[in-house]
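Chemist: Input entry29.cif, format and content: mmCIF, C-alpha atoms and all ligand atoms.
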data_entry
loop_
_atom_site.group_PDB
_atom_site.id
_atom_site.type_symbol
_atom_site.label_atom_id
_atom_site.label_comp_id
_atom_site.auth_asym_id
_atom_site.auth_seq_id
_atom_site.Cartn_x
_atom_site.Cartn_y
_atom_site.Cartn_z
ATOM 1 C CA MET A 31 0.000 0.000 0.000
ATOM 2 C CA LYS A 32 2.746 2.389 1.025
ATOM 3 C CA LEU A 33 4.755 1.447 -2.046
ATOM 4 C CA LYS A 34 1.695 2.022 -4.182
ATOM 5 C CA SER A 35 1.170 5.547 -2.818
ATOM 6 C CA ILE A 36 4.863 6.365 -3.364
ATOM 7 C CA PHE A 37 4.483 5.166 -6.931
ATOM 8 C CA ILE A 38 1.364 7.296 -7.448
ATOM 9 C CA THR A 39 3.071 10.396 -5.960
ATOM 10 C CA ALA A 40 6.138 9.871 -8.158
ATOM 11 C CA THR A 41 3.932 9.476 -11.229
ATOM 12 C CA ILE A 42 2.084 12.695 -10.406
ATOM 13 C CA ILE A 43 5.405 14.554 -9.980
ATOM 14 C CA VAL A 44 6.705 13.261 -13.333
ATOM 15 C CA ILE A 45 3.470 14.127 -15.139
ATOM 16 C CA THR A 46 3.353 17.589 -13.520
ATOM 17 C CA THR A 47 6.971 18.232 -14.550
ATOM 18 C CA ILE A 48 6.320 17.246 -18.158
ATOM 19 C CA PHE A 49 3.091 19.267 -18.140
ATOM 20 C CA THR A 50 4.619 22.454 -16.765
ATOM 21 C CA ASN A 51 7.738 22.294 -18.955
ATOM 22 C CA ALA A 52 5.539 22.009 -21.988
ATOM 23 C CA GLN A 53 3.385 24.939 -20.835
ATOM 24 C CA PRO A 54 5.676 27.816 -19.884
ATOM 25 C CA VAL A 55 2.982 30.493 -19.808
ATOM 26 C CA LYS A 56 0.810 28.398 -17.510
ATOM 27 C CA LYS A 57 3.856 27.919 -15.292
ATOM 28 C CA HIS A 58 5.253 31.475 -15.316
ATOM 29 C CA GLY A 59 2.189 33.626 -16.015
ATOM 30 C CA PRO A 60 2.612 37.343 -16.687
ATOM 31 C CA LEU A 61 6.289 38.346 -16.856
ATOM 32 C CA SER A 62 7.834 41.430 -15.359
ATOM 33 C CA VAL A 63 11.273 42.961 -14.846
ATOM 34 C CA LYS A 64 12.867 43.043 -11.398
ATOM 35 C CA GLY A 65 16.143 44.955 -11.434
ATOM 36 C CA ILE A 66 17.874 43.586 -14.543
ATOM 37 C CA GLN A 67 16.101 40.227 -14.422
ATOM 38 C CA LEU A 68 13.064 38.893 -16.257
ATOM 39 C CA VAL A 69 10.861 37.265 -13.596
ATOM 40 C CA ASN A 70 7.630 35.263 -13.471
ATOM 41 C CA GLN A 71 4.392 35.854 -11.562
ATOM 42 C CA LYS A 72 6.007 34.553 -8.347
ATOM 43 C CA GLY A 73 9.048 36.813 -8.753
ATOM 44 C CA ASP A 74 11.326 33.897 -9.707
ATOM 45 C CA ASP A 75 13.960 34.398 -12.429
ATOM 46 C CA VAL A 76 12.943 33.305 -15.934
ATOM 47 C CA VAL A 77 15.098 32.625 -18.992
ATOM 48 C CA LEU A 78 13.200 32.238 -22.268
ATOM 49 C CA ARG A 79 14.838 30.426 -25.170
ATOM 50 C CA GLY A 80 13.515 30.112 -28.676
ATOM 51 C CA ILE A 81 13.479 30.873 -32.360
ATOM 52 C CA SER A 82 12.793 33.855 -34.560
ATOM 53 C CA TYR A 83 10.917 33.469 -37.789
ATOM 54 C CA GLY A 84 12.596 35.189 -40.745
ATOM 55 C CA TRP A 85 11.161 38.388 -42.291
ATOM 56 C CA HIS A 86 7.450 37.663 -42.870
ATOM 57 C CA ASN A 87 7.488 39.375 -46.262
ATOM 58 C CA TRP A 88 10.077 36.933 -47.614
ATOM 59 C CA TRP A 89 9.157 33.747 -45.689
ATOM 60 C CA PRO A 90 5.375 34.036 -45.222
ATOM 61 C CA ARG A 91 4.859 30.331 -45.758
ATOM 62 C CA PHE A 92 6.169 29.489 -42.279
ATOM 63 C CA TYR A 93 3.831 31.940 -40.510
ATOM 64 C CA ASN A 94 1.134 29.512 -39.326
ATOM 65 C CA THR A 95 -0.065 27.981 -36.078
ATOM 66 C CA ALA A 96 1.193 24.485 -36.943
ATOM 67 C CA SER A 97 4.840 25.554 -37.272
ATOM 68 C CA VAL A 98 4.614 27.269 -33.856
ATOM 69 C CA LYS A 99 3.339 24.014 -32.343
ATOM 70 C CA TRP A 100 6.259 22.147 -33.923
ATOM 71 C CA LEU A 101 8.790 24.637 -32.546
ATOM 72 C CA ALA A 102 7.225 24.358 -29.081
ATOM 73 C CA ASP A 103 7.005 20.564 -29.085
ATOM 74 C CA ASP A 104 10.025 19.428 -31.102
ATOM 75 C CA TRP A 105 12.481 22.297 -30.478
ATOM 76 C CA SER A 106 11.458 23.068 -26.846
ATOM 77 C CA CYS A 107 10.930 26.752 -27.657
ATOM 78 C CA THR A 108 9.385 28.700 -24.791
ATOM 79 C CA VAL A 109 9.254 31.791 -26.997
ATOM 80 C CA VAL A 110 8.977 32.493 -30.729
ATOM 81 C CA ARG A 111 9.503 35.797 -32.492
ATOM 82 C CA ALA A 112 7.255 36.982 -35.310
ATOM 83 C CA ALA A 113 9.545 39.242 -37.366
ATOM 84 C CA MET A 114 7.211 41.592 -39.187
ATOM 85 C CA GLY A 115 9.203 43.174 -41.991
ATOM 86 C CA VAL A 116 8.797 46.949 -42.154
ATOM 87 C CA GLY A 117 10.476 48.769 -45.002
ATOM 88 C CA PRO A 118 11.238 46.478 -47.960
ATOM 89 C CA ARG A 119 8.726 46.310 -50.792
ATOM 90 C CA GLY A 120 5.883 43.910 -49.930
ATOM 91 C CA SER A 121 6.307 44.323 -46.193
ATOM 92 C CA TYR A 122 4.044 45.992 -43.609
ATOM 93 C CA ILE A 123 4.126 49.541 -44.994
ATOM 94 C CA ASP A 124 2.437 48.567 -48.257
ATOM 95 C CA LYS A 125 0.665 45.323 -47.271
ATOM 96 C CA LYS A 126 -0.733 46.043 -43.832
ATOM 97 C CA GLU A 127 -3.712 43.677 -43.610
ATOM 98 C CA TRP A 128 -1.856 40.734 -45.140
ATOM 99 C CA SER A 129 1.129 41.391 -42.860
ATOM 100 C CA LYS A 130 -1.046 41.407 -39.749
ATOM 101 C CA GLU A 131 -2.663 38.117 -40.834
ATOM 102 C CA LYS A 132 0.786 36.499 -40.976
ATOM 103 C CA ILE A 133 1.927 37.881 -37.635
ATOM 104 C CA GLU A 134 -1.351 37.058 -35.939
ATOM 105 C CA ALA A 135 -1.166 33.434 -37.091
ATOM 106 C CA VAL A 136 2.068 33.114 -35.090
ATOM 107 C CA ILE A 137 0.564 34.989 -32.131
ATOM 108 C CA LYS A 138 -2.430 32.639 -32.175
ATOM 109 C CA GLY A 139 -0.110 29.637 -32.427
ATOM 110 C CA ALA A 140 1.814 30.826 -29.378
ATOM 111 C CA ILE A 141 -1.350 31.433 -27.336
ATOM 112 C CA ASP A 142 -2.795 28.034 -28.342
ATOM 113 C CA ASN A 143 0.462 26.264 -27.455
ATOM 114 C CA ASP A 144 1.083 28.208 -24.238
ATOM 115 C CA ILE A 145 4.415 29.774 -25.156
ATOM 116 C CA TYR A 146 5.531 33.399 -25.232
ATOM 117 C CA VAL A 147 5.623 35.386 -28.474
ATOM 118 C CA ILE A 148 7.548 38.487 -29.473
ATOM 119 C CA ILE A 149 5.724 40.865 -31.814
ATOM 120 C CA ASP A 150 8.791 42.254 -33.579
ATOM 121 C CA TRP A 151 8.691 45.513 -35.582
ATOM 122 C CA HIS A 152 11.412 44.235 -37.888
ATOM 123 C CA SER A 153 12.760 47.494 -39.220
ATOM 124 C CA HIS A 154 16.129 49.146 -39.733
ATOM 125 C CA GLU A 155 14.752 52.685 -39.881
ATOM 126 C CA ILE A 156 12.179 54.749 -38.012
ATOM 127 C CA HIS A 157 8.490 54.810 -38.989
ATOM 128 C CA THR A 158 6.972 56.426 -35.906
ATOM 129 C CA GLU A 159 3.358 56.975 -36.948
ATOM 130 C CA GLU A 160 2.961 53.521 -38.505
ATOM 131 C CA ALA A 161 4.504 51.887 -35.417
ATOM 132 C CA LYS A 162 2.145 53.749 -33.067
ATOM 133 C CA ILE A 163 -0.935 52.649 -35.012
ATOM 134 C CA PHE A 164 0.274 49.048 -35.256
ATOM 135 C CA PHE A 165 1.217 48.635 -31.608
ATOM 136 C CA ALA A 166 -2.002 50.305 -30.400
ATOM 137 C CA GLU A 167 -3.907 47.709 -32.394
ATOM 138 C CA MET A 168 -1.796 44.814 -31.070
ATOM 139 C CA ALA A 169 -2.069 46.053 -27.467
ATOM 140 C CA LYS A 170 -5.866 46.341 -27.736
ATOM 141 C CA LYS A 171 -6.183 42.892 -29.211
ATOM 142 C CA TYR A 172 -3.546 40.988 -27.225
ATOM 143 C CA GLY A 173 -2.476 43.098 -24.234
ATOM 144 C CA GLN A 174 -4.493 40.937 -21.843
ATOM 145 C CA TYR A 175 -2.544 37.796 -22.799
ATOM 146 C CA PRO A 176 0.520 37.032 -20.650
ATOM 147 C CA ASN A 177 2.107 35.473 -23.773
ATOM 148 C CA ILE A 178 2.794 38.787 -25.491
ATOM 149 C CA ILE A 179 6.135 40.643 -25.641
ATOM 150 C CA TYR A 180 6.408 43.778 -27.788
ATOM 151 C CA GLU A 181 9.657 44.520 -29.656
ATOM 152 C CA ILE A 182 9.272 48.024 -31.010
ATOM 153 C CA PHE A 183 12.423 48.420 -33.133
ATOM 154 C CA ASN A 184 14.395 45.412 -34.332
ATOM 155 C CA GLU A 185 17.709 46.990 -35.265
ATOM 156 C CA PRO A 186 18.312 50.706 -35.639
ATOM 157 C CA VAL A 187 21.174 51.226 -38.105
ATOM 158 C CA ASN A 188 21.837 54.926 -38.712
ATOM 159 C CA ASP A 189 19.796 56.580 -35.958
ATOM 160 C CA SER A 190 21.498 57.898 -32.841
ATOM 161 C CA TRP A 191 20.425 56.666 -29.406
ATOM 162 C CA GLU A 192 18.822 60.076 -28.768
ATOM 163 C CA THR A 193 16.614 59.591 -31.853
ATOM 164 C CA VAL A 194 15.832 55.953 -31.033
ATOM 165 C CA LYS A 195 15.037 56.929 -27.447
ATOM 166 C CA LYS A 196 12.596 59.638 -28.543
ATOM 167 C CA TYR A 197 10.870 57.222 -30.954
ATOM 168 C CA SER A 198 10.745 54.495 -28.281
ATOM 169 C CA ILE A 199 9.115 56.750 -25.693
ATOM 170 C CA GLU A 200 6.400 57.730 -28.185
ATOM 171 C CA VAL A 201 5.618 54.097 -28.983
ATOM 172 C CA ILE A 202 5.861 52.980 -25.335
ATOM 173 C CA ASP A 203 3.378 55.709 -24.338
ATOM 174 C CA VAL A 204 0.874 54.411 -26.891
ATOM 175 C CA ILE A 205 1.251 50.803 -25.694
ATOM 176 C CA ARG A 206 1.144 51.706 -21.993
ATOM 177 C CA GLU A 207 -2.070 53.664 -22.394
ATOM 178 C CA ILE A 208 -3.713 50.389 -23.400
ATOM 179 C CA ASP A 209 -1.549 47.682 -21.850
ATOM 180 C CA PRO A 210 0.034 48.652 -18.525
ATOM 181 C CA ASP A 211 2.236 45.649 -17.991
ATOM 182 C CA ASN A 212 3.473 43.350 -20.795
ATOM 183 C CA ILE A 213 7.223 43.409 -21.487
ATOM 184 C CA ILE A 214 8.447 45.923 -24.090
ATOM 185 C CA LEU A 215 11.821 45.397 -25.811
ATOM 186 C CA VAL A 216 13.676 48.533 -26.929
ATOM 187 C CA GLY A 217 16.344 48.444 -29.653
ATOM 188 C CA SER A 218 19.833 49.837 -29.262
ATOM 189 C CA PRO A 219 21.703 51.651 -32.061
ATOM 190 C CA HIS A 220 23.997 50.159 -34.702
ATOM 191 C CA TRP A 221 22.271 46.773 -35.171
ATOM 192 C CA ASP A 222 21.708 46.442 -31.391
ATOM 193 C CA GLN A 223 25.422 46.682 -30.633
ATOM 194 C CA ASP A 224 25.581 50.048 -28.839
ATOM 195 C CA ILE A 225 24.060 49.009 -25.530
ATOM 196 C CA HIS A 226 26.725 51.073 -23.731
ATOM 197 C CA LEU A 227 25.068 54.243 -25.087
ATOM 198 C CA VAL A 228 21.738 53.099 -23.670
ATOM 199 C CA ALA A 229 23.422 52.370 -20.336
ATOM 200 C CA ASP A 230 24.612 55.968 -20.062
ATOM 201 C CA ASN A 231 21.208 57.477 -20.835
ATOM 202 C CA PRO A 232 18.360 54.969 -20.290
ATOM 203 C CA ILE A 233 14.624 55.567 -20.608
ATOM 204 C CA THR A 234 13.200 56.282 -17.171
ATOM 205 C CA GLY A 235 9.732 56.344 -15.639
ATOM 206 C CA TYR A 236 8.372 53.086 -17.068
ATOM 207 C CA THR A 237 8.180 49.502 -15.832
ATOM 208 C CA ASN A 238 8.824 46.234 -17.653
ATOM 209 C CA LEU A 239 11.194 47.595 -20.287
ATOM 210 C CA MET A 240 14.202 45.609 -21.511
ATOM 211 C CA TYR A 241 16.808 46.487 -24.141
ATOM 212 C CA THR A 242 17.936 44.266 -26.986
ATOM 213 C CA VAL A 243 21.431 43.151 -27.910
ATOM 214 C CA HIS A 244 21.970 41.034 -31.039
ATOM 215 C CA PHE A 245 25.034 38.932 -31.756
ATOM 216 C CA TYR A 246 26.393 36.759 -34.552
ATOM 217 C CA ALA A 247 29.079 34.718 -32.852
ATOM 218 C CA GLY A 248 31.418 34.511 -35.863
ATOM 219 C CA THR A 249 31.728 38.321 -35.853
ATOM 220 C CA HIS A 250 30.791 39.554 -32.374
ATOM 221 C CA LYS A 251 32.855 38.395 -29.462
ATOM 222 C CA LYS A 252 34.266 39.664 -26.180
ATOM 223 C CA GLN A 253 33.949 43.373 -27.009
ATOM 224 C CA LEU A 254 30.156 43.119 -27.306
ATOM 225 C CA ARG A 255 29.918 41.008 -24.148
ATOM 226 C CA ASP A 256 32.044 43.597 -22.318
ATOM 227 C CA ARG A 257 29.685 46.377 -23.446
ATOM 228 C CA THR A 258 26.713 44.324 -22.320
ATOM 229 C CA ASP A 259 28.371 43.532 -18.971
ATOM 230 C CA TYR A 260 28.854 47.289 -18.545
ATOM 231 C CA ALA A 261 25.133 47.862 -19.239
ATOM 232 C CA LEU A 262 24.126 45.119 -16.803
ATOM 233 C CA SER A 263 26.369 46.670 -14.166
ATOM 234 C CA LYS A 264 24.504 49.954 -14.683
ATOM 235 C CA GLY A 265 21.144 48.227 -14.083
ATOM 236 C CA ILE A 266 20.057 47.830 -17.726
ATOM 237 C CA PRO A 267 17.854 44.725 -18.343
ATOM 238 C CA VAL A 268 18.973 42.926 -21.522
ATOM 239 C CA PHE A 269 17.125 40.536 -23.822
ATOM 240 C CA ILE A 270 18.950 38.858 -26.750
ATOM 241 C CA SER A 271 16.085 38.847 -29.254
ATOM 242 C CA GLU A 272 18.279 37.740 -32.164
ATOM 243 C CA CYS A 273 21.471 35.699 -32.262
ATOM 244 C CA ALA A 274 23.253 32.983 -34.202
ATOM 245 C CA GLY A 275 26.572 31.202 -34.561
ATOM 246 C CA MET A 276 27.915 32.458 -37.914
ATOM 247 C CA GLU A 277 29.055 35.853 -39.250
ATOM 248 C CA ALA A 278 26.885 38.981 -38.989
ATOM 249 C CA SER A 279 26.129 38.675 -42.722
ATOM 250 C CA GLY A 280 24.193 35.508 -41.860
ATOM 251 C CA ASN A 281 26.726 33.539 -43.867
ATOM 252 C CA GLY A 282 30.111 31.922 -43.334
ATOM 253 C CA MET A 283 31.038 29.026 -41.080
ATOM 254 C CA ILE A 284 29.460 28.523 -37.670
ATOM 255 C CA ASP A 285 32.023 29.499 -35.030
ATOM 256 C CA TYR A 286 31.160 26.899 -32.378
ATOM 257 C CA LYS A 287 33.752 28.042 -29.859
ATOM 258 C CA SER A 288 32.457 31.617 -29.893
ATOM 259 C CA TRP A 289 28.785 30.535 -30.004
ATOM 260 C CA ASN A 290 29.232 28.259 -26.976
ATOM 261 C CA THR A 291 31.017 31.054 -25.095
ATOM 262 C CA TRP A 292 28.017 33.312 -25.751
ATOM 263 C CA ILE A 293 25.526 30.661 -24.616
ATOM 264 C CA ASP A 294 27.493 30.041 -21.399
ATOM 265 C CA TRP A 295 27.630 33.805 -20.807
ATOM 266 C CA MET A 296 23.867 34.260 -21.402
ATOM 267 C CA GLU A 297 23.017 31.353 -19.116
ATOM 268 C CA LYS A 298 25.364 32.621 -16.410
ATOM 269 C CA ASN A 299 23.642 36.029 -16.581
ATOM 270 C CA LYS A 300 20.142 34.510 -16.933
ATOM 271 C CA ILE A 301 19.549 36.403 -20.181
ATOM 272 C CA SER A 302 16.836 35.170 -22.554
ATOM 273 C CA TRP A 303 17.888 34.306 -26.118
ATOM 274 C CA VAL A 304 16.191 33.866 -29.476
ATOM 275 C CA CYS A 305 17.961 32.367 -32.512
ATOM 276 C CA TRP A 306 17.738 33.595 -36.116
ATOM 277 C CA SER A 307 15.933 32.188 -38.181
ATOM 278 C CA ILE A 308 13.143 30.060 -39.670
ATOM 279 C CA ALA A 309 13.658 30.560 -43.400
ATOM 280 C CA ASP A 310 14.851 28.479 -46.350
ATOM 281 C CA LYS A 311 17.168 30.980 -48.041
ATOM 282 C CA ASN A 312 20.533 29.699 -49.272
ATOM 283 C CA GLU A 313 22.572 31.153 -46.378
ATOM 284 C CA THR A 314 24.050 29.723 -43.173
ATOM 285 C CA CYS A 315 21.627 31.360 -40.724
ATOM 286 C CA SER A 316 18.419 30.203 -42.457
ATOM 287 C CA MET A 317 17.750 26.952 -40.639
ATOM 288 C CA LEU A 318 15.685 25.101 -43.246
ATOM 289 C CA TYR A 319 16.094 23.691 -46.737
ATOM 290 C CA PRO A 320 13.382 24.388 -49.332
ATOM 291 C CA THR A 321 12.181 20.784 -48.784
ATOM 292 C CA ALA A 322 10.871 21.769 -45.320
ATOM 293 C CA SER A 323 7.082 21.866 -45.114
ATOM 294 C CA ASP A 324 5.284 25.106 -44.221
ATOM 295 C CA SER A 325 3.863 23.622 -41.050
ATOM 296 C CA GLY A 326 6.614 21.827 -39.118
ATOM 297 C CA ASN A 327 7.093 18.043 -39.002
ATOM 298 C CA TRP A 328 10.594 18.739 -40.275
ATOM 299 C CA LYS A 329 12.903 15.765 -40.757
ATOM 300 C CA THR A 330 16.630 16.032 -40.075
ATOM 301 C CA THR A 331 17.174 16.173 -43.840
ATOM 302 C CA ASP A 332 15.026 19.344 -43.979
ATOM 303 C CA LEU A 333 17.323 21.080 -41.470
ATOM 304 C CA LYS A 334 20.576 22.809 -42.327
ATOM 305 C CA GLU A 335 23.543 22.665 -39.962
ATOM 306 C CA SER A 336 22.354 25.788 -38.087
ATOM 307 C CA GLY A 337 18.892 24.232 -37.719
ATOM 308 C CA ILE A 338 20.221 20.909 -36.438
ATOM 309 C CA LYS A 339 22.596 22.551 -33.937
ATOM 310 C CA THR A 340 20.126 25.196 -32.734
ATOM 311 C CA ARG A 341 17.465 22.537 -32.165
ATOM 312 C CA GLU A 342 20.004 20.454 -30.212
ATOM 313 C CA LYS A 343 20.952 23.426 -28.053
ATOM 314 C CA LEU A 344 17.342 24.404 -27.318
ATOM 315 C CA ASN A 345 16.425 20.819 -26.453
ATOM 316 C CA SER A 346 19.402 20.594 -24.083
ATOM 317 C CA PHE A 347 17.675 23.261 -21.932
ATOM 318 C CA LYS A 348 14.289 21.565 -22.100
ATOM 319 C CA SER A 349 13.883 21.086 -18.357
ATOM 320 C CA LYS A 350 15.284 24.493 -17.356
HETATM 321 MG MG MG B 1 -1.130 43.302 -20.309
#
I'd like the structure from this file rewritten - as structure tokens, please.
Ligand code: MG

Modeler:
Amino acid sequence: MKLKSIFITATIIVITTIFTNAQPVKKHGPLSVKGIQLVNQKGDDVVLRGISYGWHNWWPRFYNTASVKWLADDWSCTVVRAAMGVGPRGSYIDKKEWSKEKIEAVIKGAIDNDIYVIIDWHSHEIHTEEAKIFFAEMAKKYGQYPNIIYEIFNEPVNDSWETVKKYSIEVIDVIREIDPDNIILVGSPHWDQDIHLVADNPITGYTNLMYTVHFYAGTHKKQLRDRTDYALSKGIPVFISECAGMEASGNGMIDYKSWNTWIDWMEKNKISWVCWSIADKNETCSMLYPTASDSGNWKTTDLKESGIKTREKLNSFKSK
């Protein structure tokens, strides 16, 4: 009898563990920022790990609920990033309704599968009025879901931090009027490399803001980690919303030594990380071959080296 009850208790623990690992939003609830750390509804530290879709205007075929389910189940993603292209022809600026359909399919997939989702304004230049209208709409529609994270400027290129800061405050004000609490990610200048400039002049007066740093391990090494360490030491919360193992061009060999150093550093600092990207372009960083279906169920032969290795890395953190 005693043995039987021990067995039943152990079974319940195992099932609960599997259940909660597979359902991060159920487990963590609404996220917030405490000091420099992303925390869950109990105030415990959280590290999200996942995948970014490629630009929706070039890889729309992967923007569906089924591929999100596959990334949650088979790649252990606790977050996905919907990268809504803003700028190139055929992206949000001239195809607004179609673009929102694509992004919202991924949002719906994340809500249905109980993972977090980043709504990424994937732009390299400023479009203030369009961003304000878009994020107001997203906040109204999804601000009550704990799943949602807003990323309001993927990678500024030529704009100074002063300009990016001014833009960010305008967009944050619009979101906060509607949604008081979900996490907002703010870009840093020069492809999200100049986090030290943010550290010296951060946005103040708001809660649940984090700043993004992006790295490509073949190009970016200790210097970018040193800058980020400096920002952390100044109390700046950091989220790595885009990263990968090869050169910043998205091509070249994967630098495993550098990539592993970055992953160890992120884990040591409890920084969340999202890998680039779900696409089938002929380049190192696109994780899929054109044989990959639109909707997941990808075989090993559908995955390129970066896809195989990224999936392995994400699955190695499955229980964390
Ligand atoms: Mg909210």

Chemist: Calculate how many Å separate atom CA of A:Asn238 from atom CA of A:Lys348, rounding to one decimal.

Modeler: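 Calculated distance between atom CA of A:Asn238 and atom CA of A:Lys348 is 25.7 Å.
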
Chemist: Which residues are close to A:Lys251, i.e. within 10 Å by all atoms listed in the file, leaving aside same-chain residues fewer than 4 positions away? Reply as a PyMOL selection string.

Modeler: chain A and resi 245-247+255-256+288-289+291-292

Chemist: For ligand MG 1 (chain B), return the neighbouring residues as a ChimeraX atom specification (distance at most 12 Å; only C-alpha atoms and all ligand atoms).

Modeler: /A:59-62,168-180,205-214,238

Chemist: What are the nearest atom pairs, with distances in Å to one decimal, for all residues of stretch 106-137 of chain A that come at most 9 Å from stretch 88-91 of chain A, using only C-alpha atoms, set out by chain and rising residue number as a tab-separated table?

Modeler:
residue	atom	partner	partner_atom	distance
A:Gly115	CA	A:Trp88	CA	8.4
A:Gly120	CA	A:Trp88	CA	8.5
A:Ser121	CA	A:Trp88	CA	8.4
A:Ser129	CA	A:Pro90	CA	8.8
A:Lys132	CA	A:Pro90	CA	6.7

Chemist: Step by step, work through what the PyMOL selection byres (((chain A and resi 285) around 7) and not hetatm) selects in the shown file, and finish by giving those residues as a list in words.

Modeler: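 That expression, the PyMOL selection byres (((chain A and resi 285) around 7) and not hetatm), corresponds here to Ala247, Gly248, Gly275, Met276, Met283, Ile284, Tyr286, Lys287, Ser288 and Trp289 of chain A.
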
Chemist: What is the distance, in Å and to one decimal place, between atom CA of A:Ile149 and atom CA of A:Ile266?

Modeler: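 It comes out at 21.3 Å.
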
Chemist: Take atom CA of A:Asp332 and atom CA of A:Leu318 and report the distance between them in Å, one decimal.

Modeler: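 Computed distance, atom CA of A:Asp332 to atom CA of A:Leu318, equals 5.8 Å.
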
Chemist: I'd like to know which of A:Asp224, A:Glu159, A:Glu342, A:Asp144 is closest to A:Ala102, using all atoms listed in the file.

Modeler: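 Residue with the minimum atom-to-atom distance to A:Ala102: A:Asp144.
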
Chemist: Take the PyMOL selection byres (((chain A and resi 219) around 9) and not hetatm), run it mentally on this structure, and tell me the resulting residues as a VMD selection string.

Modeler: chain A and resid 185 to 191 194 217 to 218 220 to 225 227 to 228
